[in-house]
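Undergrad: Take a look at the following structure, please.
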Amino acid sequence: MSTRPTVSLIEGDGIGPEIAVATVRAVEAAGGQIDWERVDAGAGAVEKHKDPLPQATIESMKKHGLALKGPLATPSGGGYRSVNVTLRQEFDMYANVRPVKTIAGVPSRYDNVDLTIVRENTEDLYAGIEHYRDAKRSAAESIAIITRFGSERIITYAFEYARRHKRKKVTLVHKANILKMSNGLFLDCGKEIAAKYPDIQFDDMIVDATAMKLVIAPEKFDVIVTMNLFGDILSDLTAGLVGGLGVAPASNIGAGCAMFEAVHGTAPDIAGKGIANPTGLMLSAAMLLDHIEQREAATRLRTAIFSALGDASTRTGDLGGKANTAGYTDAVIRAMK
Ligand SMILES: NC(=O)c1ccc[n+]([C@@H]2O[C@H](COP(=O)([O-])OP(=O)(O)OC[C@H]3O[C@@H](n4cnc5c(N)ncnc54)[C@H](O)[C@@H]3O)[C@@H](O)[C@H]2O)c1
């Protein structure tokens, strides 16, 4: 990795530009060595380029292999596909990684959560294979695709992630008791791969039991690896364990590109008011810094964010504070000094 890589910056729609400005300021203050290449996507790109995902944006991501992305609105009408889904497919971003950690000062029901969901992002019921069974639409079918290739690569990713982040356990979540072939294949792959990682504990759990145990005792979980649909649901559940989507970071890892993004939406109700909470995107930028091996800057950024969130006077309104986006960002930057 070059010491000063270029990262495609997609500010996005709604509050996207506001939280992107805040995040770039915080990354620079933390000593992150990044050149940003600003490119467009989403509803704003339709206005500017008549295309929600301009070729220049794809080329930029192909060239640099790294992106930081704010939330995007898919324009209604015009038959546009979700840009988020298109990006995932274009770059085969098979791993969606969502770390979830209790943050002091952020209101939540738990004080001891520290887990990561690694979700397969390209297969399962979201492979897009569905149809009506008849012209009257009296029945519809969606097909879940689980391949050995896709299962092995996401489970291997989860174990490698666990090793890299000094995690102790990987829990594979499935429904193999009912979906014996598709989920059974995923579970078999898990058992085979786990045998290659004797330093990491491995267990498996049925998805419904997992949902209950996550709510009763989330501190028992470490790294969770699962398929697309269960991962989609459980990753929002786990964000709820630590204060919601506003503080949740994510990365999408693929062979051709690693994209880091806030998981919340464009928040149209507060866009342009300068009061959005940039924490989700800032923590995603910290994941990006880790990914490009600028670990000191990542730690400095994360520690400063947690410090600013720990003080009621510097939190943003969504977390019960009085600060606006710029005031909170100033506090994050002050905390680095
Ligand atoms: N990753 C993405 O690009 C993504 C994800 C979800 C939704 N969306 C899009 O965003 C738009 C709005 O969706 P929605 O209203 O369902 O969800 P949303 O996350 O935008 O908003 C839900 C609520 O949370 C608040 N909120 C969200 N992020 C916040 C932040 N950073 N700081 C303070 N408050 C925040 C909003 O003000 C709103 O009250 C839709 O067009 C949707 O398609 C995009």
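Each chain in the structure tokens gets a letter, A, B, ..., in the order shown, and its residues are numbered from 1; ligands are numbered from 1 in order too.
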Could you list, as a ChimeraX atom specification, all the residues within 8 Å of ligand 1, counting only C-alpha atoms and all ligand atoms?
TA: /A:12,14-15,19,70-75,84,245-247,261-271,275-280,316-318
Undergrad: Can you write out as a tab-separated table which residues of segment 24-124 of chain A fall within 10 Å of segment 327-332 of chain A, alongside each residue's closest atom pair and its distance in Å to one decimal, counting only C-alpha atoms and ordering rows by chain and ascending residue number?
TA:
residue	atom	partner	partner_atom	distance
A:Arg25	CA	A:Thr329	CA	7.8
A:Ala26	CA	A:Thr329	CA	6.8
A:Ala29	CA	A:Val332	CA	9.2
A:Ala30	CA	A:Val332	CA	9.5
Undergrad: Smallest atom-to-atom distance to Asp232 of chain A: which of A:Val97, A:Ala162, A:Met287, A:Ala195, using only C-alpha atoms?
TA: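 When distances to Asp232 of chain A are compared using only C-alpha atoms, the smallest one comes from A:Val97.
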Undergrad: Which of these residues is nearest to Gly32 of chain A, using only C-alpha atoms: A:Ala335, A:Val7, A:Ala127, A:Ala158?
TA: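 Distance minimum relative to Gly32 of chain A lands on A:Val7.
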Undergrad: Please provide the set of residues having any atom within 6 Å of segment 171-182 of chain A, restricted to only C-alpha atoms, with same-chain residues fewer than 3 positions apart removed, written as an NGL selection string.
TA: :A and (146 or 185 or 202-207 or 224-226)
Undergrad: Apply DSSP to the structure's backbone, then extract all residues of segment 252-298 of chain A labelled alpha helix (DSSP H) and return them as a list in words.
TA: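 Taking segment 252-298 of chain A and keeping alpha helix (DSSP H) gives Thr279, Gly280, Leu281, Met282, Leu283, Ser284, Ala285, Ala286, Met287, Leu288, Leu289, Asp290, His291, Arg295, Glu296, Ala297 and Ala298 of chain A.
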Undergrad: How would the residues just chosen look if you wrote them out with N, CA and C atoms as a CSV table (one decimal), in the first residue's frame?
TA:
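File written: selection-v8.csv
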chain,number,residue,atom,x,y,z
A,279,THR,N,-20.5,10.8,13.1
A,279,THR,CA,-19.8,9.7,13.7
A,279,THR,C,-19.7,8.5,12.9
A,280,GLY,N,-20.8,8.1,12.2
A,280,GLY,CA,-20.8,6.8,11.4
A,280,GLY,C,-19.7,6.9,10.3
A,281,LEU,N,-19.7,8.0,9.6
A,281,LEU,CA,-18.7,8.2,8.5
A,281,LEU,C,-17.3,8.3,9.1
A,282,MET,N,-17.2,9.0,10.2
A,282,MET,CA,-15.8,9.1,10.8
A,282,MET,C,-15.3,7.8,11.2
A,283,LEU,N,-16.1,7.0,11.9
A,283,LEU,CA,-15.7,5.6,12.3
A,283,LEU,C,-15.4,4.7,11.1
A,284,SER,N,-16.1,5.0,10.0
A,284,SER,CA,-15.9,4.2,8.7
A,284,SER,C,-14.5,4.7,8.2
A,285,ALA,N,-14.2,6.0,8.3
A,285,ALA,CA,-12.9,6.5,7.9
A,285,ALA,C,-11.8,5.8,8.7
A,286,ALA,N,-12.1,5.6,10.0
A,286,ALA,CA,-11.1,4.9,10.9
A,286,ALA,C,-10.8,3.5,10.4
A,287,MET,N,-11.9,2.8,9.9
A,287,MET,CA,-11.7,1.5,9.4
A,287,MET,C,-10.9,1.6,8.1
A,288,LEU,N,-11.1,2.6,7.3
A,288,LEU,CA,-10.3,2.8,6.1
A,288,LEU,C,-8.8,3.0,6.4
A,289,LEU,N,-8.6,3.8,7.4
A,289,LEU,CA,-7.2,4.0,7.8
A,289,LEU,C,-6.5,2.7,8.3
A,290,ASP,N,-7.3,1.9,9.1
A,290,ASP,CA,-6.7,0.6,9.5
A,290,ASP,C,-6.4,-0.2,8.2
A,291,HIS,N,-7.3,-0.2,7.3
A,291,HIS,CA,-7.2,-1.0,6.1
A,291,HIS,C,-6.0,-0.6,5.2
A,295,ARG,N,-2.4,2.8,11.0
A,295,ARG,CA,-3.1,2.4,12.2
A,295,ARG,C,-3.0,3.4,13.3
A,296,GLU,N,-1.9,4.2,13.4
A,296,GLU,CA,-1.8,5.2,14.4
A,296,GLU,C,-2.8,6.3,14.2
A,297,ALA,N,-3.0,6.7,12.9
A,297,ALA,CA,-4.0,7.7,12.6
A,297,ALA,C,-5.4,7.2,12.9
A,298,ALA,N,-5.6,5.9,12.6
A,298,ALA,CA,-6.9,5.3,12.9
A,298,ALA,C,-7.2,5.3,14.4
Undergrad: Quick one: of A:Asn112, A:Ser235, A:Thr314, A:Thr86, who's nearest to Ile216 of chain A, counting only C-alpha atoms?
TA: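 That would be A:Asn112, the residue with the smallest distance to Ile216 of chain A.
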Undergrad: Just to confirm, what's the straight-line distance from atom CA of Ser8 of chain A to atom CA of Trp36 of chain A in Å (one decimal)?
TA: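 Between atom CA of Ser8 of chain A and atom CA of Trp36 of chain A the gap works out to 5.9 Å.
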Undergrad: Which residue, A:Ile103, A:Ile154, A:Ala139, A:Phe149, has the smallest gap to Ser307 of chain A when you use only C-alpha atoms?
TA: A:Ile103
Undergrad: Which one of A:Gly320, A:Gly65, A:Gly184, A:Gly128 sits closest to Thr147 of chain A if you count only C-alpha atoms?
TA: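 Smallest separation from Thr147 of chain A among the options: A:Gly184.
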Undergrad: Smallest atom-to-atom distance to Ala239 of chain A: which of A:Leu309, A:Val100, A:Ile253, A:Ile292, using only C-alpha atoms?
TA: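 Of all the options, A:Val100 lies closest to Ala239 of chain A.
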Undergrad: Skip segment 51-64 of chain A itself and residues of its chain fewer than 3 positions away, then list as number ranges by chain all residues within 9 Å of it, counting only C-alpha atoms.
TA: A: 5-8, 10, 37-48, 67, 74-75, 80-83, 86-87, 90-91, 256-259
Undergrad: Mind checking which residues fall within 9 Å of Arg4 of chain A, counting only C-alpha atoms, ignoring those fewer than 4 positions away in the same chain, and posting them as JSON, numbers by chain?
TA: {"A": [32, 33, 34, 35]}
Undergrad: Looking only at strand (DSSP E or B) from DSSP on the backbone, list the matching residues of segment 110-242 of chain A as a PyMOL selection string.
TA: chain A and resi 114-120+124+130-132+140-142+145+169-174+201-206+223-226
Undergrad: Work out how far atom CA of Glu152 of chain A is from atom CA of Gln201 of chain A, in Å to one decimal.
TA: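 Computed distance, atom CA of Gln201 of chain A to atom CA of Glu152 of chain A, equals 17.3 Å.
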Undergrad: Give me, please, the distance in Å between atom CA of Ala194 of chain A and atom CA of Asn96 of chain A, quoted to one decimal.
TA: 19.8 Å
